[in-house]
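Asks: Pasting in a structure now, in structure tokens, and then I'll have a few things to ask.
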Amino acid sequence: MTDQTANSGRGGATAHRLVERIGIHNISLLVALVGLLVIFGVLRGDVFFSTRNLLNIGMGVAILGVLAISQTGVIVSGGLDISVGSIVGLTTVATAMTIQATEMAGLGLVVGVIVGGLAGLMNGLLITYGRINAVIVTLGTMAIFRGVAFILSNGQSISIFNDAFRWIGTGRILGLPAPIWILIAVAIGFYIFMHKSIVGRNYYAIGGNPIVARLSGLNIPRYRVAIYVVSGVMAGVGGILLAARTGSGQPISGSDGLELEAITAAFLGGCAMQGGRGTVVGALLGVAIIGVLNNGMILTAVPTFYQMLAKGTLLILAVFLAEYRLNRN
């Protein structure tokens with residue numbers, strides 16, 4: 001009996017450590033995700049769990065995942081970037097125009113990343129040195145970047161006829177679409193950066209307590225600018241993926257609403273409005289929930305307007321839960 005009690009105690013301690021390692025919040029997200037899988041599996045089991053549909057979900061969340069992960073870094077540091085959807089649209093146009101003019105896929109990739117980085121730099125400088133609220137700045141630049149994209153493209157889509165570039169959005173490696181591999185690479189890179197590097201830990205310090213971070217010697221203005229540059233570069237990567245997948249540069253199609261979904265995924269993943277909290281794993285789980293929800297609503301023929309209602313409600317719920325957890329602690 002004593003041995004059984006000891007074994008039971010050790011088992012309980014192991015389970016407790018496992019829960020702590022995974023995180024109770026991540027476990028709740030996993031439960032929610034499984035619940036959605038069960039619901040849509042019951043409603044459309046003939047289609048939902050097919051290999052083709054599961055790959056469609058993965059393709060659908062690849063761009064969103066890249067944005068949500070970088071958005072997590074921004075929110076953790078105490079900021080917010082509402083302009084990422086417009087940066088994606090602008091990047092698709094710049095990339096398509098470059099490839100159309102030069103027929104060089106590599107140059108298109110470089111231009112896309114540079115355009116995204118410059119857009120992020122503009123955000124960072126205005127927020128940091130202009131001392132303007134991040135929400136106001138990125139709300140304004142969201143309109144500016146979208147307007148520039150429309151001006152450059154004359155409001156028309158720009159076709160891309162380059163097989164090497166199109167492979168980025170349609171090719172496969174070991175049976176998985178290339179965009180999914182890119183999302184995996186970005187997630188691993190950001191996880192190591194955010195949780196294992198000194199710079200990544202400083203993100204949390206700046207968002208958690210900027211006064212203490214400044215007194216400890218951190219150059220907060222430089223960090224803030226760099227954070228938005230990284231966000232812009234990741235939006236540029238998202239734009240490249242979108243352009244490669246659709247074979248065109250479009251100022252709005254495909255990128256409209258991405259900022260809302262990216263922010264929702266970040267808050268679902270455990271980010272706090274005040275900063276200092278959030279994880280890459282949580283963001284990925286938030287992205288998975290949104291991807292399954294979007295796909296399931298389409299398969300069950302939920303009208304578009306109700307889909308918009310569900311996404312808005314999900315964002316409010318995510319922020320509410322984040323603030324509730326913060327106040328409880």
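Residues are referred to by chain and number: the chain letter is A, B, ... according to the order shown in the structure tokens, the number counts from 1 in that chain, and ligands are numbered separately from 1 in the order shown.
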Any chance you could list, as a VMD selection string, the residues in segment 183-291 of chain A that come up helix (DSSP H, G or I) when DSSP is run on the backbone?
Replies: chain A and resid 183 to 196 198 to 208 210 to 215 220 to 246 258 to 268 280 to 291
Asks: Find the spatial neighbours of segment 112-125 of chain A, counting only C-alpha atoms, within a cut-off of 8 Å - ignore same-chain residues fewer than 6 positions away - and output them as number ranges by chain.
Replies: A: 87-88, 90-92, 94-95, 137-138, 141, 145, 224-237, 239-240
Asks: If you run DSSP over the backbone, which residues in segment 136-247 of chain A end up strand (DSSP E)? Put them as number ranges by chain.
Replies: A: 158-159, 172-173, 176-177
Asks: Segment 39-44 of chain A: which residues within 12 Å, counting only C-alpha atoms, same-chain residues fewer than 2 positions away excluded, as a compact mmCIF listing (two decimals) with N, CA, C and O atoms, in the first residue's frame?
Replies:
# COMPACT_ATOMS: atom_id res chain seq x y z
N ALA A 32 -10.28 23.15 -26.86
CA ALA A 32 -11.17 23.88 -27.77
C ALA A 32 -10.98 23.42 -29.21
O ALA A 32 -11.95 23.26 -29.96
N LEU A 33 -9.72 23.20 -29.61
CA LEU A 33 -9.43 22.75 -30.97
C LEU A 33 -10.02 21.37 -31.23
O LEU A 33 -10.65 21.14 -32.28
N VAL A 34 -9.85 20.47 -30.27
CA VAL A 34 -10.42 19.13 -30.41
C VAL A 34 -11.94 19.21 -30.49
O VAL A 34 -12.58 18.50 -31.29
N GLY A 35 -12.54 20.10 -29.69
CA GLY A 35 -13.99 20.28 -29.74
C GLY A 35 -14.46 20.71 -31.12
O GLY A 35 -15.46 20.20 -31.64
N LEU A 36 -13.75 21.66 -31.73
CA LEU A 36 -14.11 22.10 -33.08
C LEU A 36 -13.95 20.97 -34.10
O LEU A 36 -14.79 20.80 -35.00
N LEU A 37 -12.87 20.20 -33.95
CA LEU A 37 -12.65 19.08 -34.86
C LEU A 37 -13.79 18.07 -34.77
O LEU A 37 -14.26 17.54 -35.79
N ASP A 46 -17.65 13.44 -44.00
CA ASP A 46 -17.31 12.89 -45.30
C ASP A 46 -16.22 13.71 -46.00
O ASP A 46 -15.49 13.19 -46.85
N VAL A 47 -16.11 14.99 -45.63
CA VAL A 47 -15.16 15.88 -46.30
C VAL A 47 -14.10 16.40 -45.35
O VAL A 47 -12.92 16.51 -45.71
N PHE A 48 -14.51 16.73 -44.13
CA PHE A 48 -13.65 17.49 -43.23
C PHE A 48 -12.32 16.80 -42.97
O PHE A 48 -11.26 17.43 -42.97
N PHE A 49 -12.32 15.50 -42.71
CA PHE A 49 -11.10 14.79 -42.35
C PHE A 49 -10.37 14.18 -43.55
O PHE A 49 -9.46 13.38 -43.37
N SER A 50 -10.78 14.56 -44.73
CA SER A 50 -10.07 14.07 -45.91
C SER A 50 -8.69 14.72 -45.98
O SER A 50 -8.48 15.84 -45.49
N ASN A 53 -8.68 18.15 -47.61
CA ASN A 53 -9.21 19.26 -46.82
C ASN A 53 -8.25 19.66 -45.70
O ASN A 53 -8.08 20.85 -45.40
N LEU A 54 -7.61 18.67 -45.06
CA LEU A 54 -6.65 18.99 -43.99
C LEU A 54 -5.47 19.78 -44.54
O LEU A 54 -4.98 20.71 -43.89
N VAL A 292 -9.41 26.04 -38.50
CA VAL A 292 -10.45 25.01 -38.45
C VAL A 292 -11.84 25.65 -38.46
O VAL A 292 -12.75 25.17 -39.15
N LEU A 293 -11.99 26.75 -37.71
CA LEU A 293 -13.28 27.43 -37.67
C LEU A 293 -13.66 27.98 -39.04
O LEU A 293 -14.80 27.80 -39.50
N ASN A 294 -12.71 28.62 -39.72
CA ASN A 294 -12.99 29.16 -41.06
C ASN A 294 -13.37 28.05 -42.03
O ASN A 294 -14.35 28.15 -42.78
N ASN A 295 -12.57 26.99 -42.03
CA ASN A 295 -12.82 25.88 -42.94
C ASN A 295 -14.15 25.20 -42.64
O ASN A 295 -14.93 24.90 -43.56
N GLY A 296 -14.42 24.99 -41.35
CA GLY A 296 -15.66 24.33 -40.97
C GLY A 296 -16.89 25.15 -41.34
O GLY A 296 -17.90 24.59 -41.80
N MET A 297 -16.80 26.47 -41.16
CA MET A 297 -17.95 27.31 -41.50
C MET A 297 -18.20 27.31 -43.01
O MET A 297 -19.35 27.37 -43.46
N ILE A 298 -17.13 27.24 -43.80
CA ILE A 298 -17.29 27.18 -45.25
C ILE A 298 -17.93 25.85 -45.66
O ILE A 298 -18.86 25.81 -46.48
N LEU A 299 -17.45 24.75 -45.08
CA LEU A 299 -17.98 23.44 -45.42
C LEU A 299 -19.44 23.28 -45.02
O LEU A 299 -20.21 22.57 -45.67
N THR A 300 -19.83 23.92 -43.92
CA THR A 300 -21.22 23.83 -43.46
C THR A 300 -22.08 24.94 -44.02
O THR A 300 -23.21 25.15 -43.56
N ALA A 301 -21.54 25.69 -45.00
CA ALA A 301 -22.29 26.71 -45.74
C ALA A 301 -22.83 27.82 -44.84
O ALA A 301 -23.94 28.31 -45.03
Asks: Counting only C-alpha atoms, which residue out of A:Leu260, A:Ile184, A:Val76, A:Glu323 sits closest to Met142 of chain A?
Replies: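 The closest residue to Met142 of chain A is A:Leu260.
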Asks: Show me, as CSV, the residues of segment 156-232 of chain A having an atom within 10 Å of segment 96-107 of chain A, each with the closest atom pair and its distance in Å, using only C-alpha atoms.
Replies:
residue,atom,partner,partner_atom,distance
A:Ser157,CA,A:Ala96,CA,9.1
A:Ile158,CA,A:Ala96,CA,6.1
A:Ser159,CA,A:Ala96,CA,6.8
A:Ile160,CA,A:Ala96,CA,5.8
A:Phe161,CA,A:Gln100,CA,7.6
A:Asn162,CA,A:Ala105,CA,7.0
A:Asp163,CA,A:Ala105,CA,8.8
A:Ala164,CA,A:Ala105,CA,6.6
A:Phe165,CA,A:Ala105,CA,5.4
A:Arg166,CA,A:Ala105,CA,9.0
Asks: May I have the residues from that selection written out with all heavy atoms, as a PDB file, in the first residue's frame?
Replies:
ATOM      1  N   SER A 157      -5.080  43.636 -60.612  1.00  0.00           N
ATOM      2  CA  SER A 157      -4.163  42.564 -60.233  1.00  0.00           C
ATOM      3  C   SER A 157      -3.025  42.487 -61.252  1.00  0.00           C
ATOM      4  O   SER A 157      -3.204  42.813 -62.427  1.00  0.00           O
ATOM      5  CB  SER A 157      -4.899  41.222 -60.173  1.00  0.00           C
ATOM      6  OG  SER A 157      -5.370  40.865 -61.462  1.00  0.00           O
ATOM      7  N   ILE A 158      -1.841  42.091 -60.784  1.00  0.00           N
ATOM      8  CA  ILE A 158      -0.655  41.983 -61.632  1.00  0.00           C
ATOM      9  C   ILE A 158      -0.248  40.514 -61.680  1.00  0.00           C
ATOM     10  O   ILE A 158       0.165  39.943 -60.667  1.00  0.00           O
ATOM     11  CB  ILE A 158       0.494  42.847 -61.083  1.00  0.00           C
ATOM     12  CG1 ILE A 158       0.051  44.305 -60.963  1.00  0.00           C
ATOM     13  CG2 ILE A 158       1.726  42.726 -61.970  1.00  0.00           C
ATOM     14  CD1 ILE A 158       1.052  45.191 -60.261  1.00  0.00           C
ATOM     15  N   SER A 159      -0.375  39.908 -62.843  1.00  0.00           N
ATOM     16  CA  SER A 159      -0.111  38.475 -62.968  1.00  0.00           C
ATOM     17  C   SER A 159       1.380  38.161 -62.885  1.00  0.00           C
ATOM     18  O   SER A 159       2.222  38.956 -63.295  1.00  0.00           O
ATOM     19  CB  SER A 159      -0.668  37.950 -64.303  1.00  0.00           C
ATOM     20  OG  SER A 159      -2.070  38.124 -64.363  1.00  0.00           O
ATOM     21  N   ILE A 160       1.683  36.984 -62.339  1.00  0.00           N
ATOM     22  CA  ILE A 160       3.059  36.516 -62.218  1.00  0.00           C
ATOM     23  C   ILE A 160       3.198  35.220 -63.008  1.00  0.00           C
ATOM     24  O   ILE A 160       2.572  34.213 -62.668  1.00  0.00           O
ATOM     25  CB  ILE A 160       3.442  36.263 -60.747  1.00  0.00           C
ATOM     26  CG1 ILE A 160       3.301  37.546 -59.921  1.00  0.00           C
ATOM     27  CG2 ILE A 160       4.877  35.734 -60.645  1.00  0.00           C
ATOM     28  CD1 ILE A 160       3.523  37.342 -58.440  1.00  0.00           C
ATOM     29  N   PHE A 161       4.000  35.247 -64.070  1.00  0.00           N
ATOM     30  CA  PHE A 161       4.224  34.064 -64.882  1.00  0.00           C
ATOM     31  C   PHE A 161       5.673  33.602 -64.683  1.00  0.00           C
ATOM     32  O   PHE A 161       6.530  33.789 -65.534  1.00  0.00           O
ATOM     33  CB  PHE A 161       3.956  34.363 -66.355  1.00  0.00           C
ATOM     34  CG  PHE A 161       2.562  34.849 -66.623  1.00  0.00           C
ATOM     35  CD1 PHE A 161       2.314  36.200 -66.844  1.00  0.00           C
ATOM     36  CD2 PHE A 161       1.490  33.956 -66.630  1.00  0.00           C
ATOM     37  CE1 PHE A 161       1.024  36.644 -67.090  1.00  0.00           C
ATOM     38  CE2 PHE A 161       0.202  34.398 -66.877  1.00  0.00           C
ATOM     39  CZ  PHE A 161      -0.035  35.754 -67.095  1.00  0.00           C
ATOM     40  N   ASN A 162       5.923  33.026 -63.536  1.00  0.00           N
ATOM     41  CA  ASN A 162       7.258  32.553 -63.213  1.00  0.00           C
ATOM     42  C   ASN A 162       7.128  31.279 -62.394  1.00  0.00           C
ATOM     43  O   ASN A 162       6.719  31.323 -61.228  1.00  0.00           O
ATOM     44  CB  ASN A 162       8.032  33.629 -62.441  1.00  0.00           C
ATOM     45  CG  ASN A 162       9.474  33.277 -62.214  1.00  0.00           C
ATOM     46  OD1 ASN A 162       9.781  32.322 -61.500  1.00  0.00           O
ATOM     47  ND2 ASN A 162      10.387  34.029 -62.816  1.00  0.00           N
ATOM     48  N   ASP A 163       7.460  30.166 -63.005  1.00  0.00           N
ATOM     49  CA  ASP A 163       7.246  28.870 -62.359  1.00  0.00           C
ATOM     50  C   ASP A 163       8.068  28.714 -61.082  1.00  0.00           C
ATOM     51  O   ASP A 163       7.600  28.117 -60.107  1.00  0.00           O
ATOM     52  CB  ASP A 163       7.582  27.748 -63.331  1.00  0.00           C
ATOM     53  CG  ASP A 163       6.589  27.663 -64.485  1.00  0.00           C
ATOM     54  OD1 ASP A 163       5.466  28.170 -64.322  1.00  0.00           O
ATOM     55  OD2 ASP A 163       6.942  27.113 -65.540  1.00  0.00           O
ATOM     56  N   ALA A 164       9.299  29.236 -61.098  1.00  0.00           N
ATOM     57  CA  ALA A 164      10.151  29.116 -59.909  1.00  0.00           C
ATOM     58  C   ALA A 164       9.534  29.840 -58.726  1.00  0.00           C
ATOM     59  O   ALA A 164       9.531  29.330 -57.596  1.00  0.00           O
ATOM     60  CB  ALA A 164      11.544  29.672 -60.208  1.00  0.00           C
ATOM     61  N   PHE A 165       8.981  31.017 -58.977  1.00  0.00           N
ATOM     62  CA  PHE A 165       8.347  31.772 -57.893  1.00  0.00           C
ATOM     63  C   PHE A 165       7.033  31.112 -57.480  1.00  0.00           C
ATOM     64  O   PHE A 165       6.744  31.002 -56.283  1.00  0.00           O
ATOM     65  CB  PHE A 165       8.094  33.216 -58.334  1.00  0.00           C
ATOM     66  CG  PHE A 165       7.454  34.062 -57.275  1.00  0.00           C
ATOM     67  CD1 PHE A 165       8.210  34.584 -56.232  1.00  0.00           C
ATOM     68  CD2 PHE A 165       6.090  34.328 -57.289  1.00  0.00           C
ATOM     69  CE1 PHE A 165       7.624  35.351 -55.236  1.00  0.00           C
ATOM     70  CE2 PHE A 165       5.491  35.089 -56.301  1.00  0.00           C
ATOM     71  CZ  PHE A 165       6.271  35.607 -55.276  1.00  0.00           C
ATOM     72  N   ARG A 166       6.252  30.657 -58.448  1.00  0.00           N
ATOM     73  CA  ARG A 166       4.960  30.044 -58.129  1.00  0.00           C
ATOM     74  C   ARG A 166       5.133  28.786 -57.288  1.00  0.00           C
ATOM     75  O   ARG A 166       4.246  28.437 -56.501  1.00  0.00           O
ATOM     76  CB  ARG A 166       4.215  29.685 -59.425  1.00  0.00           C
ATOM     77  CG  ARG A 166       3.699  30.874 -60.224  1.00  0.00           C
ATOM     78  CD  ARG A 166       2.610  31.632 -59.480  1.00  0.00           C
ATOM     79  NE  ARG A 166       1.539  30.783 -59.021  1.00  0.00           N
ATOM     80  CZ  ARG A 166       0.512  30.392 -59.774  1.00  0.00           C
ATOM     81  NH1 ARG A 166       0.433  30.797 -61.030  1.00  0.00           N
ATOM     82  NH2 ARG A 166      -0.436  29.638 -59.273  1.00  0.00           N
TER      83      ARG A 166
END
Asks: Rounded to one decimal in Å, what is the spacing between atom CA of Leu139 of chain A and atom CA of Gly85 of chain A?
Replies: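 Those two atoms sit 10.9 Å apart.
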Asks: Which residues come within 12 Å of Pro177 of chain A, counting only C-alpha atoms, excluding same-chain residues fewer than 2 positions away, as a list in words?
Replies: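 Here the qualifying residues turn out to be Arg52, Leu54, Leu55, Asn56, Ile57, Gly58, Met59, Gly60, Val61, Ala62, Arg166, Trp167, Ile168, Gly169, Thr170, Gly171, Arg172, Ile173, Leu174, Gly175, Pro179, Ile180, Trp181, Ile182, Leu183, Ile184, Leu241 and Arg245 of chain A.
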Asks: So, counting only C-alpha atoms, which residue among A:Leu30, A:Ile206, A:Ala244, A:Leu258 is closest to Gly79 of chain A?
Replies: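 Once distances to Gly79 of chain A are computed over only C-alpha atoms, the minimum belongs to A:Ile206.
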Asks: Which of these, A:Val38, A:Leu29, A:Ala262, A:Gly276, has the shortest distance to Ile69 of chain A once you count only C-alpha atoms?
Replies: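 Closest to Ile69 of chain A of all the choices is A:Ala262.
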Asks: Given only C-alpha atoms, how would the per-residue table for segment 211-291 of chain A near segment 187-192 of chain A read, listing every residue at most 8 Å away with its closest atom pair and distance in Å to one decimal, sorted by chain and number, as a tab-separated table?
Replies:
residue	atom	partner	partner_atom	distance
A:Thr279	CA	A:Tyr191	CA	7.9
A:Val280	CA	A:Tyr191	CA	5.8
A:Val281	CA	A:Tyr191	CA	7.8
Asks: Within 10 Å of Thr72 of chain A, counting only C-alpha atoms, which residues qualify if same-chain residues fewer than 2 places away don't, as a PyMOL selection string?
Replies: chain A and resi 67-70+74-81+190+194+231+262-263+265-267+269-272+275+277-280+282-283
Asks: Set the distance at 8 Å and use only C-alpha atoms: which residues neighbour Ile252 of chain A once local chain neighbours fewer than 4 positions away are removed? I'd like the list as a PyMOL selection string.
Replies: chain A and resi 86+89+146+256
Asks: Go ahead and compute the interatomic distance for atom CA of Val319 of chain A and atom CA of Asn219 of chain A, in Å to one decimal.
Replies: 29.1 Å
Asks: Which one of A:Arg222, A:His25, A:Arg201, A:Arg214 sits closest to Gly73 of chain A if you count only C-alpha atoms?
Replies: A:Arg201
